[in-house]
Each structure stands twice: as structure tokens, then as C-alpha cells.
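Trainee: Sharing work.cif (mmCIF, C-alpha atoms) below.
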```cif
data_run
loop_
_atom_site.label_atom_id
_atom_site.label_comp_id
_atom_site.auth_asym_id
_atom_site.auth_seq_id
_atom_site.Cartn_x
_atom_site.Cartn_y
_atom_site.Cartn_z
CA MET A 3 35.51 10.20 -7.36
CA SER A 4 36.28 7.51 -9.94
CA GLU A 5 35.02 7.60 -13.51
CA THR A 6 32.65 4.70 -12.76
CA GLU A 7 31.21 6.52 -9.73
CA ASN A 8 30.77 9.67 -11.84
CA LEU A 9 28.99 7.69 -14.54
CA ASP A 10 26.70 6.07 -11.96
CA THR A 11 25.83 9.49 -10.52
CA HIS A 12 25.00 10.93 -13.94
CA LEU A 13 22.96 7.88 -14.93
CA GLN A 14 21.00 8.13 -11.68
CA GLU A 15 20.25 11.80 -12.38
CA LEU A 16 19.18 11.02 -15.94
CA ARG A 17 16.85 8.22 -14.82
CA ARG A 18 15.35 10.08 -11.85
CA GLY A 19 12.92 12.10 -13.96
CA THR A 20 11.98 9.19 -16.15
CA VAL A 21 10.77 7.14 -13.19
CA VAL A 22 7.79 9.49 -12.76
CA LEU A 23 6.79 8.94 -16.38
CA ALA A 24 7.36 5.18 -16.13
CA CYS A 25 5.16 4.96 -13.01
CA LEU A 26 2.35 6.95 -14.59
CA ARG A 27 2.41 4.72 -17.66
CA LEU A 28 2.73 1.42 -15.78
CA LEU A 29 -0.03 2.32 -13.33
CA GLU A 30 -2.59 2.54 -16.10
CA THR A 31 -3.11 -0.97 -14.76
CA PRO A 32 -3.51 -0.84 -10.95
CA GLY A 33 -0.47 -1.92 -9.02
CA TYR A 34 1.01 -1.86 -5.54
CA GLY A 35 4.42 -0.62 -4.45
CA TYR A 36 6.49 -3.80 -4.33
CA GLY A 37 5.03 -5.12 -7.57
CA LEU A 38 5.73 -1.78 -9.22
CA LEU A 39 9.35 -1.90 -8.00
CA GLU A 40 9.79 -5.26 -9.72
CA GLU A 41 8.00 -4.10 -12.86
CA LEU A 42 10.10 -0.94 -13.08
CA GLY A 43 13.30 -2.99 -12.69
CA GLY A 44 12.14 -5.43 -15.35
CA HIS A 45 11.63 -2.57 -17.78
CA GLY A 46 15.07 -1.05 -17.17
CA PHE A 47 14.16 1.46 -14.44
CA PRO A 48 15.90 0.09 -11.34
CA THR A 49 14.45 2.01 -8.40
CA ASP A 50 14.71 1.51 -4.69
CA ALA A 51 11.82 1.55 -2.25
CA ASN A 52 13.11 4.68 -0.50
CA THR A 53 12.65 6.53 -3.79
CA LEU A 54 9.45 4.90 -5.02
CA TYR A 55 7.14 5.11 -2.01
CA PRO A 56 7.58 8.87 -1.42
CA LEU A 57 7.13 9.38 -5.17
CA LEU A 58 3.84 7.46 -5.15
CA ARG A 59 2.57 9.48 -2.18
CA ARG A 60 3.58 12.75 -3.85
CA LEU A 61 1.91 11.84 -7.15
CA GLU A 62 -1.24 10.84 -5.28
CA LYS A 63 -1.25 14.10 -3.31
CA GLN A 64 -0.85 16.03 -6.58
CA GLY A 65 -3.84 14.17 -8.06
CA TYR A 66 -1.92 12.17 -10.67
CA LEU A 67 -2.60 8.83 -8.96
CA THR A 68 -5.57 7.43 -7.11
CA SER A 69 -5.33 4.65 -4.56
CA GLU A 70 -7.42 2.14 -2.69
CA TRP A 71 -6.67 -0.53 -0.14
CA ASN A 72 -7.14 -4.19 -1.01
CA THR A 73 -7.89 -6.02 2.23
CA ASP A 74 -8.96 -9.29 0.59
CA GLU A 75 -5.53 -10.85 1.11
CA ALA A 76 -3.79 -11.71 4.38
CA ARG A 77 -1.66 -8.58 4.05
CA PRO A 78 -3.51 -5.38 3.06
CA ARG A 79 -2.01 -3.61 0.06
CA LYS A 80 -2.48 -0.13 -1.25
CA PHE A 81 -3.11 -0.21 -4.98
CA TYR A 82 -2.36 2.82 -7.12
CA ARG A 83 -3.80 3.77 -10.49
CA THR A 84 -3.09 6.65 -12.85
CA SER A 85 -5.88 9.26 -12.71
CA ASP A 86 -7.22 11.24 -15.67
CA ALA A 87 -4.88 14.10 -14.70
CA GLY A 88 -2.04 11.58 -14.50
CA ARG A 89 -2.80 10.33 -18.01
CA ARG A 90 -2.71 13.89 -19.32
CA LEU A 91 0.60 14.49 -17.52
CA ALA A 92 2.02 11.22 -18.86
CA GLY A 93 1.04 12.24 -22.39
CA ALA A 94 2.74 15.63 -22.05
CA LEU A 95 5.85 14.12 -20.46
CA THR A 96 6.02 11.43 -23.17
CA ASP A 97 5.80 14.05 -25.91
CA ASP A 98 8.55 16.12 -24.29
CA PHE A 99 10.71 13.05 -23.66
CA ARG A 100 10.46 12.10 -27.33
CA ALA A 101 11.30 15.67 -28.39
CA ILE A 102 14.37 15.65 -26.14
CA ALA A 103 15.48 12.25 -27.50
CA THR A 104 15.08 13.55 -31.06
CA ALA A 105 17.07 16.68 -30.20
CA ILE A 106 19.86 14.58 -28.64
CA ASP A 107 19.91 12.32 -31.72
CA GLY A 108 20.24 15.43 -33.88
CA LEU A 109 23.37 16.71 -32.19
CA ASP A 110 26.27 16.43 -34.60
CA ILE A 111 28.88 15.18 -32.19
CA ASP A 112 31.20 12.27 -32.82
CA LEU A 113 31.71 10.41 -29.56
#
```
Using the file provided, produce a representation of the structure as C-alpha cells.
Mentor:
Amino acid sequence: MSETENLDTHLQELRRGTVVLACLRLLETPGYGYGLLEELGGHGFPTDANTLYPLLRRLEKQGYLTSEWNTDEARPRKFYRTSDAGRRLAGALTDDFRAIATAIDGLDIDL
């Protein structure tokens, strides 16, 4: 495996956990899957649909998201929104993420 492929793999692993937090925070305002994909990408969290849709279903099943169908348009869309439990989880994950970032910044390593 080339160095570039290794880097891509490690970056993907690093970002995987942050996508959950990004979704919970972005879905404070209701959104649907495709729009969320674009919003995530625009904020530096490139994600593909095969990752996002199962994640949304899992978070909904766990009670961190709520959803409802909008049938007012020609194509029905399922809109997701962060639940109260999801907001609490997002707060805890944000705090931990910041603590990890601070700990990384504090490592005395010259790269």
C-alpha cells in the first residue's frame, strides 16, 4: 500500500467518528439525507451515501434523531432532527472531542 493510500485510510478512520457528531449538530435544524450529505461535505466532512443513510437509521433507532416524512413536494423526503437525547449526546461528544484535541495539542512532539 502506498503512503498516500495509507494516509487516506487513516484520515477516513479519524473522520468516521466525527461524522456522528457533525450530523447531530447539523440536524439541530431539520434536514434530509441528500441535503445533509452536501452540508457535511461543505463543512469538511466528505461522506458517501452508503455511510450516511445507515448512520441516520441507527441514530434514529437509538433515539438520538427523530424523523418525519414531508410529502408536500413531488418526491417525499424523510426529514431528520436531533432529539433531546441527541443534543445531550452531542454535548458530551463535543466536550470529549475538545479534550482530545487539547491533549493532542499538548503532546511535545516535533513533527
Trainee: Could you please determine the separation between CA of Thr49 in chain A and CA of Arg18 in chain A in Å, to one decimal place?
Mentor: 8.8 Å
Trainee: State, in Å with one decimal place, the distance from CA of Gly65 in chain A to CA of Arg90 in chain A.
Mentor: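 Those two atoms sit 11.3 Å apart.
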Trainee: Smallest atom-to-atom distance to Val21 in chain A: which of A:Ser4, A:Leu42, A:Ala76, A:Thr84, using all atoms listed in the file?
Mentor: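 Smallest distance to Val21 in chain A is found for A:Leu42.
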Trainee: Counting only C-alpha atoms, which residue out of A:Gly35, A:Leu109, A:Leu9, A:Leu23 sits closest to Asp97 in chain A?
Mentor: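 Looking at the shortest contact to Asp97 in chain A, the residue is A:Leu23.
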Trainee: Point out the residue among A:Ala92, A:Leu61, A:Ala87, A:Ile106 with the least atom-to-atom distance to Arg27 in chain A, counting all atoms listed in the file.
Mentor: A:Ala92
Trainee: Report as an mmCIF file with C-alpha atoms, keeping the file's coordinate frame all protein, DNA and RNA residues lying within 12 Å of Arg89 in chain A, evaluated on all atoms listed in the file, omitting residues in the same chain fewer than 2 positions from it.
Mentor:
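And here's selection.cif as it stands now:
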```cif
data_model
loop_
_atom_site.group_PDB
_atom_site.id
_atom_site.type_symbol
_atom_site.label_atom_id
_atom_site.label_comp_id
_atom_site.auth_asym_id
_atom_site.auth_seq_id
_atom_site.Cartn_x
_atom_site.Cartn_y
_atom_site.Cartn_z
ATOM 1 C CA VAL A 22 7.790 9.490 -12.760
ATOM 2 C CA LEU A 23 6.790 8.940 -16.380
ATOM 3 C CA ALA A 24 7.360 5.180 -16.130
ATOM 4 C CA CYS A 25 5.160 4.960 -13.010
ATOM 5 C CA LEU A 26 2.350 6.950 -14.590
ATOM 6 C CA ARG A 27 2.410 4.720 -17.660
ATOM 7 C CA LEU A 28 2.730 1.420 -15.780
ATOM 8 C CA LEU A 29 -0.030 2.320 -13.330
ATOM 9 C CA GLU A 30 -2.590 2.540 -16.100
ATOM 10 C CA THR A 31 -3.110 -0.970 -14.760
ATOM 11 C CA LEU A 61 1.910 11.840 -7.150
ATOM 12 C CA GLY A 65 -3.840 14.170 -8.060
ATOM 13 C CA TYR A 66 -1.920 12.170 -10.670
ATOM 14 C CA LEU A 67 -2.600 8.830 -8.960
ATOM 15 C CA THR A 68 -5.570 7.430 -7.110
ATOM 16 C CA ARG A 83 -3.800 3.770 -10.490
ATOM 17 C CA THR A 84 -3.090 6.650 -12.850
ATOM 18 C CA SER A 85 -5.880 9.260 -12.710
ATOM 19 C CA ASP A 86 -7.220 11.240 -15.670
ATOM 20 C CA ALA A 87 -4.880 14.100 -14.700
ATOM 21 C CA LEU A 91 0.600 14.490 -17.520
ATOM 22 C CA ALA A 92 2.020 11.220 -18.860
ATOM 23 C CA GLY A 93 1.040 12.240 -22.390
ATOM 24 C CA ALA A 94 2.740 15.630 -22.050
ATOM 25 C CA LEU A 95 5.850 14.120 -20.460
ATOM 26 C CA THR A 96 6.020 11.430 -23.170
#
```
Trainee: Could you work out how far CA of Pro32 in chain A lies from CA of Glu70 in chain A, giving the answer in Å with one decimal?
Mentor: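 Distance reported for this atom pair: 9.6 Å.
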Trainee: Ranking A:Arg59, A:Phe47, A:Asp110, A:Tyr34 by minimum distance to Tyr82 in chain A and counting all atoms listed in the file, which one comes first?
Mentor: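 Nearest candidate to Tyr82 in chain A out of A:Arg59, A:Phe47, A:Asp110, A:Tyr34: A:Tyr34.
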Trainee: From the set A:Asp50, A:Asp10, A:Gly37, A:Gln64, which residue has the shortest atom-to-atom contact distance to Lys80 in chain A, counting only C-alpha atoms?
Mentor: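 Closest residue, counting only C-alpha atoms: A:Gly37.
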